[in-house]
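As stored in work-v5.cif (mmCIF, C-alpha atoms; chains and numbers go by the auth columns):
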data_target
#
loop_
_atom_site.group_PDB
_atom_site.id
_atom_site.type_symbol
_atom_site.label_atom_id
_atom_site.label_comp_id
_atom_site.label_asym_id
_atom_site.label_seq_id
_atom_site.Cartn_x
_atom_site.Cartn_y
_atom_site.Cartn_z
_atom_site.B_iso_or_equiv
_atom_site.auth_seq_id
_atom_site.auth_asym_id
ATOM 1 C CA MET A 1 15.645 31.588 -4.634 0.00 1322 A
ATOM 2 C CA LEU A 2 12.728 29.240 -4.092 0.00 1323 A
ATOM 3 C CA SER A 3 10.716 29.114 -0.880 0.00 1324 A
ATOM 4 C CA PRO A 4 11.140 25.912 1.181 0.00 1325 A
ATOM 5 C CA LEU A 5 7.704 24.697 0.065 0.00 1326 A
ATOM 6 C CA ARG A 6 8.503 25.281 -3.610 0.00 1327 A
ATOM 7 C CA GLN A 7 11.849 23.518 -3.178 0.00 1328 A
ATOM 8 C CA ALA A 8 10.056 20.566 -1.570 0.00 1329 A
ATOM 9 C CA ASN A 9 7.569 20.356 -4.446 0.00 1330 A
ATOM 10 C CA PHE A 10 10.335 20.662 -7.031 0.00 1331 A
ATOM 11 C CA TYR A 11 12.220 17.820 -5.327 0.00 1332 A
ATOM 12 C CA LEU A 12 9.032 15.701 -5.128 0.00 1333 A
ATOM 13 C CA ASN A 13 8.212 16.247 -8.817 0.00 1334 A
ATOM 14 C CA THR A 14 11.775 15.485 -9.893 0.00 1335 A
ATOM 15 C CA PHE A 15 11.946 12.381 -7.702 0.00 1336 A
ATOM 16 C CA GLY A 16 8.586 11.215 -9.030 0.00 1337 A
ATOM 17 C CA PHE A 17 9.487 11.814 -12.664 0.00 1338 A
ATOM 18 C CA PHE A 18 12.843 10.027 -12.549 0.00 1339 A
ATOM 19 C CA LYS A 19 12.457 7.424 -9.787 0.00 1340 A
ATOM 20 C CA VAL A 20 8.749 6.587 -9.274 0.00 1341 A
ATOM 21 C CA PRO A 21 6.713 7.752 -12.295 0.00 1342 A
ATOM 22 C CA LEU A 22 3.402 6.771 -10.703 0.00 1343 A
ATOM 23 C CA ILE A 23 3.963 9.448 -8.057 0.00 1344 A
ATOM 24 C CA TRP A 24 4.590 11.998 -10.814 0.00 1345 A
ATOM 25 C CA LEU A 25 1.451 10.916 -12.700 0.00 1346 A
ATOM 26 C CA CYS A 26 -0.729 11.474 -9.615 0.00 1347 A
ATOM 27 C CA ARG A 27 0.580 15.071 -9.279 0.00 1348 A
ATOM 28 C CA PRO A 28 0.820 15.323 -5.475 0.00 1349 A
ATOM 29 C CA LYS A 29 1.530 18.770 -4.058 0.00 1350 A
ATOM 30 C CA ILE A 30 2.972 19.510 -0.640 0.00 1351 A
ATOM 31 C CA ILE A 31 0.991 22.338 0.924 0.00 1352 A
ATOM 32 C CA ARG A 32 2.478 22.254 4.425 0.00 1353 A
ATOM 33 C CA LEU A 33 5.812 21.001 5.721 0.00 1354 A
ATOM 34 C CA ASP A 34 7.164 21.709 9.182 0.00 1355 A
ATOM 35 C CA GLU A 35 8.969 19.795 11.943 0.00 1356 A
ATOM 36 C CA ASN A 36 5.884 17.864 13.046 0.00 1357 A
ATOM 37 C CA ARG A 37 3.491 17.756 10.118 0.00 1358 A
ATOM 38 C CA VAL A 38 3.300 17.320 6.378 0.00 1359 A
ATOM 39 C CA GLU A 39 0.194 17.865 4.258 0.00 1360 A
ATOM 40 C CA VAL A 40 -0.010 16.634 0.681 0.00 1361 A
ATOM 41 C CA VAL A 41 -2.935 17.107 -1.681 0.00 1362 A
ATOM 42 C CA ILE A 42 -3.735 14.969 -4.719 0.00 1363 A
ATOM 43 C CA PRO A 43 -6.364 16.385 -7.060 0.00 1364 A
ATOM 44 C CA LEU A 44 -9.262 14.225 -8.208 0.00 1365 A
ATOM 45 C CA ARG A 45 -8.798 14.095 -11.970 0.00 1366 A
ATOM 46 C CA ARG A 46 -9.475 11.660 -14.760 0.00 1367 A
ATOM 47 C CA ARG A 47 -6.247 9.751 -14.111 0.00 1368 A
ATOM 48 C CA THR A 48 -6.755 9.548 -10.333 0.00 1369 A
ATOM 49 C CA LYS A 49 -10.373 8.423 -10.169 0.00 1370 A
ATOM 50 C CA ASN A 50 -12.092 5.085 -10.507 0.00 1371 A
ATOM 51 C CA HIS A 51 -15.291 4.004 -12.243 0.00 1372 A
ATOM 52 C CA LEU A 52 -17.332 5.358 -9.286 0.00 1373 A
ATOM 53 C CA ASN A 53 -15.893 8.873 -9.775 0.00 1374 A
ATOM 54 C CA SER A 54 -14.052 8.721 -6.463 0.00 1375 A
ATOM 55 C CA MET A 55 -10.309 8.525 -5.892 0.00 1376 A
ATOM 56 C CA TYR A 56 -8.843 5.146 -6.866 0.00 1377 A
ATOM 57 C CA PHE A 57 -7.454 3.280 -3.856 0.00 1378 A
ATOM 58 C CA GLY A 58 -4.044 2.923 -5.527 0.00 1379 A
ATOM 59 C CA VAL A 59 -3.808 6.724 -5.705 0.00 1380 A
ATOM 60 C CA LEU A 60 -4.790 6.908 -2.032 0.00 1381 A
ATOM 61 C CA ALA A 61 -1.844 4.598 -1.320 0.00 1382 A
ATOM 62 C CA VAL A 62 0.459 6.901 -3.333 0.00 1383 A
ATOM 63 C CA GLY A 63 -0.698 9.874 -1.256 0.00 1384 A
ATOM 64 C CA ALA A 64 -0.083 8.008 1.997 0.00 1385 A
ATOM 65 C CA ASP A 65 3.362 6.948 0.732 0.00 1386 A
ATOM 66 C CA VAL A 66 4.330 10.519 -0.130 0.00 1387 A
ATOM 67 C CA ALA A 67 3.001 11.981 3.139 0.00 1388 A
ATOM 68 C CA GLY A 68 4.733 9.343 5.239 0.00 1389 A
ATOM 69 C CA GLY A 69 7.998 9.165 3.339 0.00 1390 A
ATOM 70 C CA PHE A 70 8.654 12.754 2.346 0.00 1391 A
ATOM 71 C CA MET A 71 8.976 14.007 5.901 0.00 1392 A
ATOM 72 C CA ALA A 72 11.629 11.379 6.695 0.00 1393 A
ATOM 73 C CA MET A 73 13.604 12.183 3.545 0.00 1394 A
ATOM 74 C CA SER A 74 13.333 15.916 4.200 0.00 1395 A
ATOM 75 C CA LYS A 75 14.485 15.592 7.812 0.00 1396 A
ATOM 76 C CA ALA A 76 17.460 13.433 6.797 0.00 1397 A
ATOM 77 C CA GLN A 77 18.378 15.906 4.055 0.00 1398 A
ATOM 78 C CA GLN A 78 18.256 18.802 6.551 0.00 1399 A
ATOM 79 C CA ARG A 79 20.720 16.890 8.734 0.00 1400 A
ATOM 80 C CA GLY A 80 23.005 16.276 5.763 0.00 1401 A
ATOM 81 C CA GLU A 81 22.511 12.505 6.036 0.00 1402 A
ATOM 82 C CA LYS A 82 21.602 9.929 3.413 0.00 1403 A
ATOM 83 C CA ILE A 83 19.127 7.277 4.443 0.00 1404 A
ATOM 84 C CA SER A 84 17.606 4.164 2.978 0.00 1405 A
ATOM 85 C CA LEU A 85 13.844 4.416 3.350 0.00 1406 A
ATOM 86 C CA ALA A 86 11.201 1.777 2.716 0.00 1407 A
ATOM 87 C CA PHE A 87 7.772 0.800 3.935 0.00 1408 A
ATOM 88 C CA LYS A 88 7.675 -2.662 5.521 0.00 1409 A
ATOM 89 C CA ALA A 89 3.912 -2.941 6.034 0.00 1410 A
ATOM 90 C CA VAL A 90 0.750 -1.154 4.950 0.00 1411 A
ATOM 91 C CA LYS A 91 -2.596 -1.140 6.700 0.00 1412 A
ATOM 92 C CA GLY A 92 -5.427 0.894 5.242 0.00 1413 A
ATOM 93 C CA GLU A 93 -8.932 1.496 6.476 0.00 1414 A
ATOM 94 C CA PHE A 94 -11.220 3.009 3.848 0.00 1415 A
ATOM 95 C CA LEU A 95 -14.095 4.808 5.562 0.00 1416 A
ATOM 96 C CA LYS A 96 -15.838 6.846 2.869 0.00 1417 A
ATOM 97 C CA ARG A 97 -15.538 7.456 -0.866 0.00 1418 A
ATOM 98 C CA PRO A 98 -13.386 10.550 -1.523 0.00 1419 A
ATOM 99 C CA GLU A 99 -15.206 12.325 -4.351 0.00 1420 A
ATOM 100 C CA GLY A 100 -12.988 15.419 -4.421 0.00 1421 A
ATOM 101 C CA ASP A 101 -9.352 16.430 -3.967 0.00 1422 A
ATOM 102 C CA VAL A 102 -7.785 14.469 -1.099 0.00 1423 A
ATOM 103 C CA LEU A 103 -5.558 15.893 1.630 0.00 1424 A
ATOM 104 C CA PHE A 104 -3.079 13.468 3.224 0.00 1425 A
ATOM 105 C CA THR A 105 -1.779 14.455 6.653 0.00 1426 A
ATOM 106 C CA CYS A 106 1.040 12.908 8.665 0.00 1427 A
ATOM 107 C CA SER A 107 1.684 14.437 12.093 0.00 1428 A
ATOM 108 C CA ASP A 108 4.407 12.033 13.252 0.00 1429 A
ATOM 109 C CA GLY A 109 7.389 14.373 12.900 0.00 1430 A
ATOM 110 C CA HIS A 110 8.559 13.762 16.472 0.00 1431 A
ATOM 111 C CA LEU A 111 8.467 9.973 15.926 0.00 1432 A
ATOM 112 C CA ILE A 112 10.443 10.298 12.683 0.00 1433 A
ATOM 113 C CA ASP A 113 13.033 12.444 14.509 0.00 1434 A
ATOM 114 C CA GLU A 114 13.436 9.693 17.115 0.00 1435 A
ATOM 115 C CA MET A 115 13.760 7.060 14.379 0.00 1436 A
ATOM 116 C CA LEU A 116 16.413 9.087 12.561 0.00 1437 A
ATOM 117 C CA ASP A 117 18.367 9.693 15.777 0.00 1438 A
ATOM 118 C CA ARG A 118 18.406 5.986 16.574 0.00 1439 A
ATOM 119 C CA ALA A 119 19.148 4.829 13.010 0.00 1440 A
ATOM 120 C CA LEU A 120 22.043 7.274 12.630 0.00 1441 A
ATOM 121 C CA GLU A 121 23.393 6.433 16.082 0.00 1442 A
ATOM 122 C CA THR A 122 23.251 2.631 15.783 0.00 1443 A
ATOM 123 C CA GLY A 123 23.538 2.139 12.022 0.00 1444 A
ATOM 124 C CA GLU A 124 20.709 -0.393 12.273 0.00 1445 A
ATOM 125 C CA ARG A 125 17.386 -0.419 10.463 0.00 1446 A
ATOM 126 C CA ILE A 126 14.601 1.104 12.577 0.00 1447 A
ATOM 127 C CA ASN A 127 10.944 0.202 11.913 0.00 1448 A
ATOM 128 C CA LYS A 128 7.998 2.136 13.373 0.00 1449 A
ATOM 129 C CA PRO A 129 4.401 2.703 12.232 0.00 1450 A
ATOM 130 C CA VAL A 130 3.388 6.189 11.090 0.00 1451 A
ATOM 131 C CA THR A 131 -0.229 7.259 10.643 0.00 1452 A
ATOM 132 C CA ILE A 132 -1.548 9.108 7.612 0.00 1453 A
ATOM 133 C CA THR A 133 -5.102 10.427 7.493 0.00 1454 A
ATOM 134 C CA ALA A 134 -6.829 11.163 4.180 0.00 1455 A
ATOM 135 C CA THR A 135 -9.579 13.786 4.194 0.00 1456 A
ATOM 136 C CA CYS A 136 -11.660 15.500 1.535 0.00 1457 A
ATOM 137 C CA PRO A 137 -11.883 19.072 2.914 0.00 1458 A
ATOM 138 C CA SER A 138 -13.942 20.522 0.062 0.00 1459 A
ATOM 139 C CA LEU A 139 -16.801 18.063 0.647 0.00 1460 A
ATOM 140 C CA HIS A 140 -16.486 16.611 4.153 0.00 1461 A
ATOM 141 C CA GLY A 141 -14.226 18.944 6.139 0.00 1462 A
ATOM 142 C CA GLU A 142 -12.024 17.095 8.642 0.00 1463 A
ATOM 143 C CA GLU A 143 -13.935 13.794 8.422 0.00 1464 A
ATOM 144 C CA PRO A 144 -11.466 11.004 7.526 0.00 1465 A
ATOM 145 C CA MET A 145 -11.992 9.247 4.209 0.00 1466 A
ATOM 146 C CA ALA A 146 -9.218 6.739 4.940 0.00 1467 A
ATOM 147 C CA VAL A 147 -6.615 6.092 7.606 0.00 1468 A
ATOM 148 C CA PHE A 148 -3.311 4.432 6.746 0.00 1469 A
ATOM 149 C CA GLU A 149 -0.729 2.932 9.056 0.00 1470 A
ATOM 150 C CA LEU A 150 2.567 2.469 7.231 0.00 1471 A
ATOM 151 C CA THR A 151 5.532 0.828 8.912 0.00 1472 A
ATOM 152 C CA LEU A 152 8.365 3.181 8.027 0.00 1473 A
ATOM 153 C CA SER A 153 11.793 1.567 7.865 0.00 1474 A
ATOM 154 C CA ILE A 154 14.885 3.793 8.043 0.00 1475 A
ATOM 155 C CA LYS A 155 18.580 2.963 7.923 0.00 1476 A
ATOM 156 C CA ARG A 156 21.688 5.067 7.337 0.00 1477 A
ATOM 157 C CA SER A 157 22.665 4.672 3.689 0.00 1478 A
ATOM 158 C CA THR A 158 26.167 3.451 2.931 0.00 1479 A
ATOM 159 C CA ARG A 159 26.137 4.864 -0.600 0.00 1480 A
#

Could you render the structure from this file as structure tokens?
Amino acid sequence: MLSPLRQANFYLNTFGFFKVPLIWLCRPKIIRLDENRVEVVIPLRRRTKNHLNSMYFGVLAVGADVAGGFMAMSKAQQRGEKISLAFKAVKGEFLKRPEGDVLFTCSDGHLIDEMLDRALETGERINKPVTITATCPSLHGEEPMAVFELTLSIKRSTR
């Protein structure tokens, strides 16, 4: 039997491979997943860096997407519910060049719980912004490299 973290990574890799290949190509790895927080790391490799040898901003967006979306999908799955999940808006502030592996952190678990409760109760689409912070712990500790605000949109799936 796989640990919950290994199950989460297996699900993420499978989802990426079959549904969103760009996620799979970036090789994100979930290193922490609990009720309030998810942490995802994307390694700086040849395929994830730009001509300045820092992480390409498109890969940063993939990391923010995974950190923001995986927690919602995981929470819905734990409840035995199917949801339709999308991002309605993206706002990114790039503060410093990430020249190492990047850690994406979303600590909005309580907000996602509230969104799920309301979406499942009303059947309507619920939109709320979630915040994802990208850091480069190996080089800059907790100093943010980028901060993303993604408007998460959740609705009970009819399929």

- Query: Which residue gives the smallest distance to Gly1444 in chain A among A:Thr1479, A:Asn1371, A:Ser1395, A:Ser1428, with all atoms listed in the file counted?
  - Reply: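 Once distances to Gly1444 in chain A are computed over all atoms listed in the file, the minimum belongs to A:Thr1479.
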
- Nearby residues (only C-alpha atoms) at most 6 Å from Val1423 in chain A, same-chain spacing under 5 positions excluded, as a list in words: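 Using only C-alpha atoms, the neighbours found are Val1362, Ile1363, Thr1456 and Cys1457 of chain A.
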
- Task: Fewer than 2 positions away in the same chain doesn't count, so skip those; otherwise give me all residues within 9 Å of Leu1441 in chain A, counting only C-alpha atoms, as a PyMOL selection string.
- Result: chain A and resi 1402+1404+1436-1439+1443-1445+1476-1477

- Go ahead and compute the interatomic distance for CA of Ala1385 in chain A and CA of Glu1420 in chain A, in Å to one decimal. 17.0 Å

- Message: Residues near Lys1396 in chain A, anyone? I mean within 9 Å using all atoms listed in the file, not counting same-chain ones fewer than 4 positions away, as a ChimeraX atom specification.
- Response: /A:1356,1391-1392,1400-1402,1430,1433-1434,1437

- Carefully work through the PyMOL selection byres ((chain A and resi 1370) around 12) for this structure and note down the residues it includes, as a list of chain:residue names. A:Cys1347, A:Ile1363, A:Pro1364, A:Leu1365, A:Arg1366, A:Arg1367, A:Arg1368, A:Thr1369, A:Asn1371, A:His1372, A:Leu1373, A:Asn1374, A:Ser1375, A:Met1376, A:Tyr1377, A:Phe1378, A:Gly1379, A:Val1380, A:Leu1381, A:Arg1418, A:Pro1419, A:Glu1420, A:Gly1421, A:Asp1422, A:Val1423

- Task: Between CA of Leu1471 in chain A and CA of Cys1427 in chain A, measure the distance and give it in Å to one decimal.
- Result: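 So the two atoms, CA of Leu1471 in chain A and CA of Cys1427 in chain A, lie 10.6 Å apart.
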
- Using all atoms listed in the file, which residues sit within 9 Å of Ala1407 in chain A once same-chain residues fewer than 4 positions away are excluded, as a ChimeraX atom specification? /A:1390,1472-1475

Selection export as a PDB file, in the frame of the given file, atoms kept: C-alpha atoms:
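Writing the result to out_6.pdb gives the following:
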ATOM      1  CA  GLY A1390       7.998   9.165   3.339  1.00  0.00           C
ATOM      2  CA  THR A1472       5.532   0.828   8.912  1.00  0.00           C
ATOM      3  CA  LEU A1473       8.365   3.181   8.027  1.00  0.00           C
ATOM      4  CA  SER A1474      11.793   1.567   7.865  1.00  0.00           C
ATOM      5  CA  ILE A1475      14.885   3.793   8.043  1.00  0.00           C
TER       6      ILE A1475
END

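The space between CA of Val1468 in chain A and CA of Gly1413 in chain A spans 5.8 Å.
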
- Nearest to Met1466 in chain A: which of A:Glu1442, A:Asp1429, A:Glu1414, A:Glu1435 is it, counting all atoms listed in the file? A:Glu1414

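The smallest atom-to-atom distance between His1461 in chain A and any of A:Ala1440, A:Lys1409, A:Gly1337, A:Lys1417, using all atoms listed in the file, is found for A:Lys1417.
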
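Taking all atoms listed in the file into account, Ala1455 in chain A lies nearest to A:Val1383 out of the set A:Leu1333, A:Val1383, A:Leu1346, A:Met1394.
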